[in-house]
$ cat model.cif   # mmCIF, C-alpha atoms and all ligand atoms
data_structure
#
loop_
_atom_site.label_atom_id
_atom_site.label_comp_id
_atom_site.auth_asym_id
_atom_site.auth_seq_id
_atom_site.Cartn_x
_atom_site.Cartn_y
_atom_site.Cartn_z
CA MET A 1 83.95 -107.47 76.28
CA THR A 2 84.38 -108.88 72.80
CA SER A 3 81.34 -109.20 70.61
CA ASN A 4 80.93 -111.50 67.64
CA PHE A 5 78.53 -109.09 65.98
CA PRO A 6 77.57 -109.21 63.14
CA VAL A 7 77.86 -113.01 63.26
CA VAL A 8 75.90 -113.28 66.49
CA ARG A 9 72.52 -111.52 66.32
CA PRO A 10 70.15 -112.44 69.20
CA ARG A 11 67.35 -110.62 67.37
CA ARG A 12 67.21 -113.44 64.77
CA LEU A 13 65.28 -115.60 67.26
CA ARG A 14 62.75 -112.79 67.76
CA THR A 15 61.79 -112.26 64.13
CA SER A 16 58.33 -113.93 64.20
CA SER A 17 55.82 -114.81 66.87
CA SER A 18 56.00 -118.49 65.91
CA LEU A 19 59.75 -118.47 66.39
CA ARG A 20 59.37 -116.62 69.68
CA ASP A 21 56.83 -119.22 70.84
CA LEU A 22 59.13 -122.03 69.75
CA VAL A 23 62.05 -120.85 71.85
CA ALA A 24 60.14 -119.45 74.85
CA GLU A 25 61.71 -120.82 78.03
CA THR A 26 58.66 -120.36 80.26
CA GLN A 27 55.05 -121.45 79.71
CA LEU A 28 51.98 -120.36 81.60
CA ASP A 29 49.34 -123.03 81.83
CA VAL A 30 45.90 -122.90 83.40
CA ARG A 31 46.64 -126.29 84.98
CA HIS A 32 49.25 -124.65 87.19
CA LEU A 33 47.04 -121.97 88.71
CA ILE A 34 45.17 -122.23 92.00
CA ALA A 35 42.11 -120.03 92.52
CA PRO A 36 41.69 -118.53 96.02
CA LEU A 37 37.97 -118.33 96.84
CA PHE A 38 35.98 -116.93 99.76
CA VAL A 39 32.78 -118.30 101.26
CA ARG A 40 30.92 -116.23 103.83
CA GLU A 41 28.35 -117.39 106.33
CA GLY A 42 25.01 -115.63 106.66
CA ILE A 43 24.68 -113.89 103.31
CA SER A 44 22.05 -114.66 100.70
CA GLU A 45 23.79 -113.01 97.73
CA PRO A 46 27.47 -112.95 96.80
CA GLN A 47 29.14 -109.77 98.04
CA PRO A 48 31.73 -107.91 96.00
CA ILE A 49 34.97 -106.96 97.79
CA ALA A 50 35.71 -103.30 97.01
CA SER A 51 39.49 -103.61 97.26
CA LEU A 52 39.56 -106.85 95.21
CA PRO A 53 37.67 -105.95 92.03
CA GLY A 54 36.07 -109.01 90.44
CA VAL A 55 36.47 -111.19 93.55
CA MET A 56 33.45 -112.11 95.67
CA GLN A 57 32.55 -113.32 99.10
CA HIS A 58 30.45 -116.27 97.98
CA THR A 59 27.40 -117.98 99.33
CA ARG A 60 27.65 -121.78 99.33
CA ALA A 61 25.56 -121.82 96.16
CA SER A 62 27.48 -119.15 94.27
CA LEU A 63 30.77 -120.77 95.31
CA LEU A 64 29.67 -124.01 93.70
CA GLU A 65 28.69 -122.21 90.54
CA GLU A 66 32.07 -120.43 90.39
CA VAL A 67 34.05 -123.60 90.98
CA ARG A 68 32.10 -125.56 88.37
CA HIS A 69 32.82 -122.77 85.90
CA LEU A 70 36.55 -122.89 86.74
CA ALA A 71 36.62 -126.67 86.43
CA ASP A 72 34.94 -126.45 83.01
CA LEU A 73 37.71 -124.07 81.93
CA GLY A 74 40.39 -126.56 82.92
CA VAL A 75 41.43 -125.11 86.27
CA ARG A 76 42.74 -127.96 88.43
CA ALA A 77 42.78 -126.49 91.92
CA MET A 78 41.20 -123.99 94.26
CA ILE A 79 41.86 -122.95 97.84
CA LEU A 80 39.03 -122.03 100.17
CA PHE A 81 38.88 -119.31 102.84
CA GLY A 82 35.89 -119.23 105.19
CA VAL A 83 34.37 -116.09 106.67
CA PRO A 84 32.28 -117.07 109.72
CA ALA A 85 29.32 -115.10 111.09
CA SER A 86 30.71 -115.18 114.63
CA LYS A 87 34.26 -115.00 115.94
CA ASP A 88 35.77 -115.86 119.33
CA PRO A 89 39.24 -115.78 120.96
CA GLN A 90 40.12 -119.33 119.82
CA GLY A 91 38.53 -119.19 116.38
CA SER A 92 36.41 -122.25 117.16
CA GLU A 93 34.28 -121.99 114.02
CA ALA A 94 37.41 -123.07 112.14
CA TRP A 95 37.01 -126.65 113.37
CA ASN A 96 33.24 -126.80 113.81
CA PRO A 97 32.08 -129.64 111.52
CA ASN A 98 29.10 -127.43 110.66
CA GLY A 99 31.21 -124.29 110.25
CA ILE A 100 30.93 -122.47 106.94
CA ALA A 101 34.25 -123.69 105.53
CA GLN A 102 33.53 -127.33 106.35
CA LEU A 103 30.04 -127.17 104.84
CA ALA A 104 31.42 -125.57 101.70
CA LEU A 105 34.31 -128.08 101.46
CA ARG A 106 31.77 -130.91 101.59
CA ASP A 107 29.75 -129.27 98.78
CA LEU A 108 32.91 -128.87 96.68
CA ALA A 109 34.25 -132.36 97.30
CA ASP A 110 30.89 -133.84 96.27
CA ALA A 111 30.45 -131.63 93.20
CA VAL A 112 33.93 -131.37 91.68
CA GLY A 113 36.26 -133.44 93.86
CA ASP A 114 36.78 -135.87 91.00
CA ARG A 115 38.18 -133.21 88.66
CA MET A 116 39.64 -130.58 90.93
CA VAL A 117 42.03 -130.48 93.89
CA ILE A 118 40.07 -129.06 96.78
CA MET A 119 42.47 -127.18 99.05
CA SER A 120 41.71 -125.48 102.31
CA ASP A 121 43.58 -122.61 103.90
CA LEU A 122 44.32 -123.57 107.49
CA CYS A 123 44.54 -120.66 109.91
CA VAL A 124 42.44 -118.90 112.53
CA ASP A 125 42.80 -115.22 111.69
CA GLU A 126 39.48 -115.28 109.82
CA TYR A 127 37.89 -116.86 112.90
CA THR A 128 39.38 -115.08 115.91
CA ASP A 129 37.82 -111.92 117.32
CA HIS A 130 41.31 -110.37 117.79
CA GLY A 131 42.43 -111.19 114.23
CA HIS A 132 45.68 -113.01 115.06
CA CYS A 133 46.67 -116.32 113.49
CA GLY A 134 46.70 -118.16 116.82
CA ILE A 135 45.68 -118.16 120.46
CA LEU A 136 46.92 -115.25 122.56
CA ASP A 137 49.00 -115.69 125.70
CA GLY A 138 47.58 -112.56 127.34
CA PRO A 139 44.90 -109.90 126.93
CA ALA A 140 44.19 -108.77 123.35
CA GLY A 141 45.59 -105.32 122.62
CA ASP A 142 48.26 -105.51 125.36
CA PRO A 143 51.65 -104.87 123.72
CA ARG A 144 53.18 -107.70 125.78
CA THR A 145 50.67 -110.21 124.45
CA SER A 146 51.89 -112.62 121.82
CA VAL A 147 50.58 -115.66 120.00
CA ASP A 148 51.11 -118.85 122.01
CA ASN A 149 52.83 -121.09 119.47
CA ASP A 150 52.35 -124.50 121.04
CA ALA A 151 48.78 -123.97 122.22
CA THR A 152 47.95 -122.91 118.68
CA LEU A 153 49.37 -126.16 117.27
CA ASP A 154 46.68 -128.20 119.06
CA ILE A 155 44.03 -126.09 117.41
CA TYR A 156 45.62 -126.37 113.97
CA GLY A 157 45.52 -130.17 114.34
CA ARG A 158 41.80 -130.04 115.08
CA ILE A 159 41.16 -127.78 112.10
CA ALA A 160 43.15 -130.06 109.78
CA VAL A 161 41.05 -133.05 110.79
CA ALA A 162 37.78 -131.09 110.42
CA GLN A 163 38.81 -129.94 106.93
CA ALA A 164 39.93 -133.41 105.87
CA ASN A 165 36.72 -134.95 107.25
CA ALA A 166 34.81 -132.42 105.16
CA GLY A 167 36.62 -133.52 102.00
CA ALA A 168 39.70 -131.30 101.59
CA ALA A 169 42.37 -133.11 99.56
CA MET A 170 45.12 -130.76 100.76
CA VAL A 171 45.35 -128.39 103.70
CA ALA A 172 47.47 -125.27 103.56
CA PRO A 173 48.66 -123.98 106.92
CA SER A 174 49.27 -120.22 106.67
CA GLY A 175 49.77 -119.19 110.29
CA MET A 176 53.60 -119.42 110.44
CA MET A 177 53.66 -121.20 113.81
CA ASP A 178 56.82 -123.25 114.44
CA GLY A 179 56.08 -126.95 114.17
CA GLN A 180 52.72 -126.46 112.45
CA VAL A 181 53.38 -128.88 109.61
CA GLY A 182 54.47 -131.66 111.95
CA ALA A 183 51.50 -131.13 114.27
CA ILE A 184 49.08 -131.17 111.35
CA ARG A 185 50.71 -134.25 109.77
CA ALA A 186 50.40 -136.12 113.07
CA ALA A 187 46.78 -135.08 113.58
CA LEU A 188 45.83 -136.08 110.03
CA ASP A 189 47.59 -139.44 110.31
CA ASN A 190 46.00 -140.18 113.68
CA ALA A 191 42.61 -139.55 112.14
CA GLY A 192 43.36 -141.86 109.20
CA HIS A 193 43.86 -139.09 106.65
CA ARG A 194 47.25 -140.35 105.45
CA ASN A 195 46.75 -139.19 101.88
CA VAL A 196 45.56 -135.69 102.66
CA GLY A 197 48.46 -133.50 101.59
CA ILE A 198 50.02 -130.41 103.09
CA LEU A 199 50.83 -127.32 101.05
CA ALA A 200 52.91 -125.35 103.55
CA TYR A 201 52.99 -121.57 103.49
CA SER A 202 56.66 -121.93 104.41
CA ALA A 203 58.22 -118.58 103.60
CA LYS A 204 55.42 -116.15 104.34
CA TYR A 205 56.52 -112.59 104.87
CA ALA A 206 54.88 -109.95 107.09
CA SER A 207 53.82 -108.03 104.00
CA GLY A 208 51.82 -104.87 103.48
CA LEU A 209 50.33 -106.53 100.41
CA TYR A 210 47.73 -108.55 102.34
CA GLY A 211 45.53 -105.48 102.95
CA PRO A 212 42.70 -106.28 100.51
CA PHE A 213 42.58 -109.89 101.73
CA ARG A 214 42.00 -108.61 105.25
CA ASP A 215 38.99 -106.70 103.92
CA ALA A 216 37.79 -109.88 102.24
CA VAL A 217 37.83 -111.93 105.44
CA ASP A 218 37.59 -109.11 107.98
CA CYS A 219 40.72 -110.13 109.89
CA ALA A 220 42.52 -106.83 110.52
CA ILE A 221 44.10 -107.06 113.97
CA ARG A 222 41.82 -105.37 116.49
CA GLY A 223 43.37 -102.26 117.94
CA GLY A 224 46.17 -102.22 115.38
CA GLY A 225 49.26 -104.37 115.72
CA ASP A 226 50.90 -106.62 113.18
CA ARG A 227 52.00 -110.19 112.54
CA LYS A 228 55.74 -109.58 112.68
CA ALA A 229 56.23 -111.90 115.66
CA TYR A 230 55.39 -114.88 113.46
CA GLN A 231 55.53 -113.92 109.77
CA GLN A 232 58.97 -113.37 108.25
CA ASP A 233 60.95 -110.15 108.13
CA TRP A 234 61.37 -108.95 104.53
CA ARG A 235 65.01 -108.11 105.19
CA ASN A 236 65.79 -111.83 105.34
CA ALA A 237 66.33 -114.24 102.46
CA ARG A 238 68.40 -117.09 103.94
CA GLU A 239 65.83 -117.45 106.71
CA ALA A 240 63.32 -118.58 104.09
CA LEU A 241 65.43 -121.70 103.55
CA VAL A 242 65.40 -122.45 107.28
CA GLU A 243 61.60 -122.32 107.21
CA VAL A 244 61.36 -124.45 104.06
CA GLU A 245 63.75 -127.11 105.39
CA ALA A 246 61.84 -127.30 108.66
CA ASP A 247 58.53 -127.76 106.85
CA LEU A 248 59.92 -130.47 104.57
CA ALA A 249 61.37 -132.33 107.54
CA GLU A 250 57.93 -132.18 109.17
CA GLY A 251 56.22 -133.67 106.13
CA ALA A 252 55.19 -130.83 103.84
CA ASP A 253 54.33 -132.14 100.36
CA MET A 254 54.62 -128.76 98.67
CA VAL A 255 56.07 -125.48 99.90
CA MET A 256 55.12 -121.89 99.20
CA VAL A 257 56.68 -118.45 99.00
CA LYS A 258 54.36 -115.51 99.68
CA PRO A 259 53.94 -112.81 98.37
CA ALA A 260 55.36 -113.36 94.89
CA LEU A 261 56.55 -110.37 92.88
CA ALA A 262 58.58 -108.59 95.55
CA TYR A 263 60.02 -111.99 96.52
CA LEU A 264 61.18 -113.43 93.19
CA ASP A 265 64.67 -113.79 94.68
CA ILE A 266 63.22 -115.98 97.42
CA ILE A 267 61.33 -118.08 94.87
CA ALA A 268 64.55 -118.60 92.91
CA LYS A 269 66.53 -119.46 96.04
CA VAL A 270 63.96 -121.96 97.28
CA ARG A 271 63.64 -123.48 93.78
CA ALA A 272 67.39 -124.08 93.74
CA SER A 273 67.36 -125.80 97.12
CA VAL A 274 64.32 -128.14 97.07
CA ASN A 275 62.89 -130.79 94.78
CA VAL A 276 59.26 -130.70 95.87
CA PRO A 277 56.69 -128.65 93.95
CA LEU A 278 57.02 -124.96 94.74
CA ALA A 279 54.03 -122.65 94.92
CA ALA A 280 54.00 -118.86 94.97
CA TYR A 281 51.08 -116.76 96.19
CA HIS A 282 50.38 -113.72 94.02
CA VAL A 283 48.54 -112.00 96.85
CA SER A 284 45.61 -109.63 97.13
CA GLY A 285 47.64 -106.41 97.10
CA GLU A 286 49.55 -107.49 94.01
CA TYR A 287 46.25 -108.13 92.26
CA SER A 288 44.68 -104.88 93.48
CA MET A 289 47.63 -102.74 92.36
CA LEU A 290 47.32 -104.22 88.89
CA LYS A 291 43.55 -103.67 88.78
CA ALA A 292 43.79 -100.10 90.07
CA ALA A 293 46.48 -99.02 87.63
CA ALA A 294 44.65 -100.70 84.76
CA ALA A 295 41.33 -99.08 85.76
CA ASN A 296 43.06 -95.71 85.53
CA GLY A 297 44.30 -96.57 82.06
CA TRP A 298 47.91 -96.35 83.23
CA ILE A 299 48.88 -99.88 82.27
CA ASP A 300 47.41 -102.56 80.01
CA HIS A 301 45.80 -105.13 82.30
CA ASP A 302 46.19 -108.20 80.11
CA VAL A 303 49.79 -107.47 79.19
CA VAL A 304 50.94 -106.78 82.74
CA ALA A 305 48.93 -109.67 84.21
CA THR A 306 50.60 -112.05 81.77
CA GLU A 307 54.00 -110.49 82.38
CA HIS A 308 53.63 -110.81 86.16
CA LEU A 309 52.43 -114.42 86.17
CA THR A 310 55.16 -115.37 83.71
CA ALA A 311 57.81 -113.72 85.88
CA ILE A 312 56.66 -115.74 88.89
CA LYS A 313 57.00 -118.96 86.87
CA ARG A 314 60.31 -117.91 85.37
CA ALA A 315 61.69 -117.31 88.87
CA GLY A 316 60.93 -120.97 89.63
CA ALA A 317 57.36 -121.40 90.86
CA ASP A 318 55.62 -124.56 89.61
CA VAL A 319 52.17 -123.37 90.62
CA ILE A 320 50.71 -119.95 91.37
CA LEU A 321 47.88 -119.06 93.71
CA THR A 322 46.29 -116.05 92.06
CA TYR A 323 43.03 -114.09 91.92
CA LEU A 324 43.77 -113.86 88.18
CA THR A 325 42.99 -117.55 87.68
CA ARG A 326 39.50 -117.01 86.29
CA TRP A 327 40.67 -114.20 83.99
CA PHE A 328 43.53 -116.34 82.71
CA ALA A 329 41.34 -119.40 82.21
CA GLU A 330 38.71 -117.41 80.32
CA ALA A 331 41.28 -115.57 78.21
CA ASN A 332 42.92 -118.85 77.22
CA ALA A 333 39.82 -121.01 76.87
C1 LIG B 401 46.22 -116.02 106.78
C2 LIG B 401 46.31 -115.63 105.35
C3 LIG B 401 46.50 -114.35 104.84
C4 LIG B 401 46.53 -114.48 103.46
C5 LIG B 401 46.35 -115.82 103.15
N1 LIG B 401 46.24 -116.52 104.36
C6 LIG B 401 46.54 -113.05 105.51
C7 LIG B 401 47.53 -112.68 106.49
O1 LIG B 401 48.50 -113.36 106.79
O2 LIG B 401 47.33 -111.61 107.05
C8 LIG B 401 46.72 -113.35 102.50
C9 LIG B 401 46.37 -113.62 101.08
C10 LIG B 401 46.30 -112.42 100.23
O3 LIG B 401 46.67 -111.30 100.60
O4 LIG B 401 45.85 -112.60 99.09
N2 LIG B 401 45.16 -116.90 107.00
#
$ encode --input "model.cif" --output "structure tokens"
Amino acid sequence: MTSNFPVVRPRRLRTSSSLRDLVAETQLDVRHLIAPLFVREGISEPQPIASLPGVMQHTRASLLEEVRHLADLGVRAMILFGVPASKDPQGSEAWNPNGIAQLALRDLADAVGDRMVIMSDLCVDEYTDHGHCGILDGPAGDPRTSVDNDATLDIYGRIAVAQANAGAAMVAPSGMMDGQVGAIRAALDNAGHRNVGILAYSAKYASGLYGPFRDAVDCAIRGGGDRKAYQQDWRNAREALVEVEADLAEGADMVMVKPALAYLDIIAKVRASVNVPLAAYHVSGEYSMLKAAAANGWIDHDVVATEHLTAIKRAGADVILTYLTRWFAEANA
């Protein structure tokens, strides 16, 4: 390799922080973060989540307070997860108009719907007694039992309509059933919700990094087991494009890669192949690893948090779902 040193000196552009700011290729902006928030039925005080330091299971009232605070800081979007008091095999609380998520969505739409995008996660794992993301085709716990894809689609359609009726501006199907975006689009359109958007969890991997989230919503699969029969295998990258193309053909408005940091190659690949907005989910385990190492004094929280979020954007994500949203918004207020 020939070098034109000393004529070419890349360090010249790093000599001052103003110059570094001027030429920075990637910008983090609070307007591009989405705050994941939990609301739990049957509690009178917000409950901390041990494995997600700083994140709460909210009451309806404390959720409203949190979201107003985020809106005041310039955050433009949040995504809601409901934790019901009772679960059943179908997850029927997920489409009950008086279920906890629907009541909370109504509160949010009324209070901040004019200045924030109210998004709703659309799945049943928080609502089913077995913990899977759909209806089972056999007895729970039997190794031959799987999730019945097409029966689950009917339920997803019902949930989408319940969430849209409650005021969600976008629904975000996270169950990785084939055909889920199309089924939800049809259900929303039939109910007159033509402008309710779909943020599709398109390339969602069967990751070990969802552990703290499963504490937050109590959705560990009963009797063990995993979600590998519907979530993606982390050995596959091209397959993510198959999933993304399918979701776009079915009417997804935005697509998502999840998790984020171990999947930056997937984010970059998807970015290069689609022209819709791309989201990445910086998931619970990614957040918890950062918090745990920082709590031990092993890494500097603010530096690494900024580095991680910037890396996700640099890889090609337009928006990031992250539990760091409040921290970032407060730090940059
Ligand atoms: C499924 C869902 C999960 C997450 C978001 N939606 C859990 C799972 O698939 O097991 C994980 C989010 C996180 O870890 O932060 N409804």
$ axis_aligned_box --input "model.cif" --around "ligand LIG 401 (chain B)" --padding-each-side "4 Å" --output "JSON"
{"center_x": 46.8, "center_y": -114.1, "center_z": 103.1, "size_x": 11.3, "size_y": 13.6, "size_z": 16.0}
$ residues_around --input "model.cif" --residues "range 232-245 of chain A" --least-positions-apart "3" --cutoff "8 Å" --atoms "all atoms listed in the file" --output "PDB file with C-alpha atoms, keeping the file's coordinate frame"
ATOM      1  CA  SER A 202      56.660-121.930 104.410  1.00  0.00           C
ATOM      2  CA  ALA A 203      58.220-118.580 103.600  1.00  0.00           C
ATOM      3  CA  LYS A 204      55.420-116.150 104.340  1.00  0.00           C
ATOM      4  CA  TYR A 205      56.520-112.590 104.870  1.00  0.00           C
ATOM      5  CA  ALA A 206      54.880-109.950 107.090  1.00  0.00           C
ATOM      6  CA  SER A 207      53.820-108.030 104.000  1.00  0.00           C
ATOM      7  CA  LYS A 228      55.740-109.580 112.680  1.00  0.00           C
ATOM      8  CA  LEU A 248      59.920-130.470 104.570  1.00  0.00           C
ATOM      9  CA  ALA A 249      61.370-132.330 107.540  1.00  0.00           C
ATOM     10  CA  VAL A 255      56.070-125.480  99.900  1.00  0.00           C
ATOM     11  CA  ASP A 265      64.670-113.790  94.680  1.00  0.00           C
ATOM     12  CA  ILE A 266      63.220-115.980  97.420  1.00  0.00           C
ATOM     13  CA  LYS A 269      66.530-119.460  96.040  1.00  0.00           C
ATOM     14  CA  VAL A 270      63.960-121.960  97.280  1.00  0.00           C
ATOM     15  CA  SER A 273      67.360-125.800  97.120  1.00  0.00           C
TER      16      SER A 273
END
$ residues_around --input "model.cif" --residues "range 92-109 of chain A" --least-positions-apart "2" --cutoff "7 Å" --atoms "only C-alpha atoms" --output "ChimeraX atom specification"
/A:40-41,60,64,81-82,84,88,90,111-113,118,124,127,158-159,162-163,166-168
$ residues_near_ligand --input "model.cif" --ligand "ligand LIG 401 (chain B)" --cutoff "7 Å" --atoms "all atoms listed in the file" --output "PyMOL selection string"
chain A and resi 121-126+133+174-175+209-214+282-285
$ atom_distance --input "model.cif" --atom1 "CA of Ser18 in chain A" --atom2 "CA of Ser3 in chain A"
27.4 Å
$ atom_distance --input "model.cif" --atom1 "CA of Leu153 in chain A" --atom2 "CA of Ala186 in chain A"
10.9 Å
$ residues_around --input "model.cif" --residues "Leu278 in chain A" --least-positions-apart "5" --cutoff "6 Å" --atoms "all atoms listed in the file" --output "PyMOL selection string"
chain A and resi 254-256+317-318
$ residues_around --input "model.cif" --residues "range 193-201 of chain A" --least-positions-apart "4" --cutoff "7 Å" --atoms "all atoms listed in the file" --output "list in words"
Ala164, Ala169, Met170, Val171, Ala172, Pro173, Ser174, Leu188, Asp189, Asp247, Ala252, Asp253, Met254, Val255, Met256 and Val257 of chain A
$ write_last_selection --input "model.cif" --atoms "C-alpha atoms" --output "JSON list (two decimals), in the coordinates of the input"
[["chain", "number", "residue", "atom", "x", "y", "z"],
["A", 164, "ALA", "CA", 39.93, -133.41, 105.87],
["A", 169, "ALA", "CA", 42.37, -133.11, 99.56],
["A", 170, "MET", "CA", 45.12, -130.76, 100.76],
["A", 171, "VAL", "CA", 45.35, -128.39, 103.70],
["A", 172, "ALA", "CA", 47.47, -125.27, 103.56],
["A", 173, "PRO", "CA", 48.66, -123.98, 106.92],
["A", 174, "SER", "CA", 49.27, -120.22, 106.67],
["A", 188, "LEU", "CA", 45.83, -136.08, 110.03],
["A", 189, "ASP", "CA", 47.59, -139.44, 110.31],
["A", 247, "ASP", "CA", 58.53, -127.76, 106.85],
["A", 252, "ALA", "CA", 55.19, -130.83, 103.84],
["A", 253, "ASP", "CA", 54.33, -132.14, 100.36],
["A", 254, "MET", "CA", 54.62, -128.76, 98.67],
["A", 255, "VAL", "CA", 56.07, -125.48, 99.90],
["A", 256, "MET", "CA", 55.12, -121.89, 99.20],
["A", 257, "VAL", "CA", 56.68, -118.45, 99.00]]
$ closest_residue --input "model.cif" --among "A:Leu19, A:Ile184, A:Met78, A:Ala216" --to "His32 in chain A" --atoms "all atoms listed in the file"
A:Met78
$ residues_around --input "model.cif" --residues "His132 in chain A" --least-positions-apart "3" --cutoff "12 Å" --atoms "all atoms listed in the file" --output "number ranges by chain"
A: 87-91, 123-129, 135-137, 140-141, 145-149, 152, 174-177, 214, 218-231
$ closest_residue --input "model.cif" --among "A:Val217, A:Arg31, A:Ser17, A:Ala24" --to "Ala85 in chain A" --atoms "all atoms listed in the file"
A:Val217
$ atom_distance --input "model.cif" --atom1 "CA of Thr325 in chain A" --atom2 "CA of Val181 in chain A"
26.8 Å
$ closest_residue --input "model.cif" --among "A:Leu22, A:Val117, A:Ala268, A:Ala293" --to "Ala305 in chain A" --atoms "all atoms listed in the file"
A:Ala293
$ residues_near_point --input "model.cif" --point "(34.4, -113.3, 97.1)" --cutoff "8 Å" --atoms "all atoms listed in the file" --output "PyMOL selection string"
chain A and resi 37-39+46-49+55-58+216
$ closest_residue --input "model.cif" --among "A:Asp110, A:Glu25, A:Asp72, A:Asp154" --to "Glu330 in chain A" --atoms "all atoms listed in the file"
A:Asp72
$ build_atoms --input "model.cif" --residues "range 142-158 of chain A" --atoms "N, CA, C and O atoms" --output "compact mmCIF listing (two decimals), in the frame of the given file"
# COMPACT_ATOMS: atom_id res chain seq x y z
N ASP A 142 47.11 -105.79 124.48
CA ASP A 142 48.26 -105.51 125.36
C ASP A 142 49.54 -105.72 124.55
O ASP A 142 49.71 -106.77 123.93
N PRO A 143 50.44 -104.72 124.54
CA PRO A 143 51.65 -104.87 123.72
C PRO A 143 52.53 -106.05 124.14
O PRO A 143 53.34 -106.52 123.34
N ARG A 144 52.36 -106.55 125.36
CA ARG A 144 53.18 -107.70 125.78
C ARG A 144 52.58 -109.03 125.33
O ARG A 144 53.20 -110.08 125.45
N THR A 145 51.35 -108.98 124.86
CA THR A 145 50.67 -110.21 124.45
C THR A 145 51.23 -110.71 123.13
O THR A 145 51.48 -109.93 122.21
N SER A 146 51.41 -112.02 123.05
CA SER A 146 51.89 -112.62 121.82
C SER A 146 51.03 -113.83 121.49
O SER A 146 50.16 -114.22 122.27
N VAL A 147 51.30 -114.44 120.35
CA VAL A 147 50.58 -115.66 120.00
C VAL A 147 51.30 -116.85 120.63
O VAL A 147 52.52 -116.98 120.48
N ASP A 148 50.55 -117.67 121.34
CA ASP A 148 51.11 -118.85 122.01
C ASP A 148 51.28 -119.96 120.97
O ASP A 148 50.32 -120.59 120.54
N ASN A 149 52.53 -120.15 120.58
CA ASN A 149 52.83 -121.09 119.47
C ASN A 149 52.26 -122.48 119.72
O ASN A 149 51.49 -123.01 118.91
N ASP A 150 52.64 -123.08 120.88
CA ASP A 150 52.35 -124.50 121.04
C ASP A 150 50.88 -124.76 121.32
O ASP A 150 50.32 -125.79 120.89
N ALA A 151 50.23 -123.81 122.01
CA ALA A 151 48.78 -123.97 122.22
C ALA A 151 48.05 -123.88 120.89
O ALA A 151 47.04 -124.56 120.66
N THR A 152 48.58 -123.06 120.00
CA THR A 152 47.95 -122.91 118.68
C THR A 152 48.08 -124.19 117.85
O THR A 152 47.18 -124.53 117.07
N LEU A 153 49.18 -124.92 118.05
CA LEU A 153 49.37 -126.16 117.27
C LEU A 153 48.24 -127.16 117.51
O LEU A 153 47.80 -127.84 116.57
N ASP A 154 47.78 -127.26 118.76
CA ASP A 154 46.68 -128.20 119.06
C ASP A 154 45.46 -127.85 118.23
O ASP A 154 44.76 -128.71 117.70
N ILE A 155 45.20 -126.54 118.16
CA ILE A 155 44.03 -126.09 117.41
C ILE A 155 44.19 -126.34 115.92
O ILE A 155 43.25 -126.77 115.25
N TYR A 156 45.38 -126.11 115.40
CA TYR A 156 45.62 -126.37 113.97
C TYR A 156 45.36 -127.85 113.64
O TYR A 156 44.84 -128.19 112.58
N GLY A 157 45.76 -128.73 114.55
CA GLY A 157 45.52 -130.17 114.34
C GLY A 157 44.03 -130.46 114.23
O GLY A 157 43.58 -131.20 113.35
N ARG A 158 43.25 -129.84 115.13
CA ARG A 158 41.80 -130.04 115.08
C ARG A 158 41.21 -129.52 113.78
O ARG A 158 40.31 -130.13 113.20
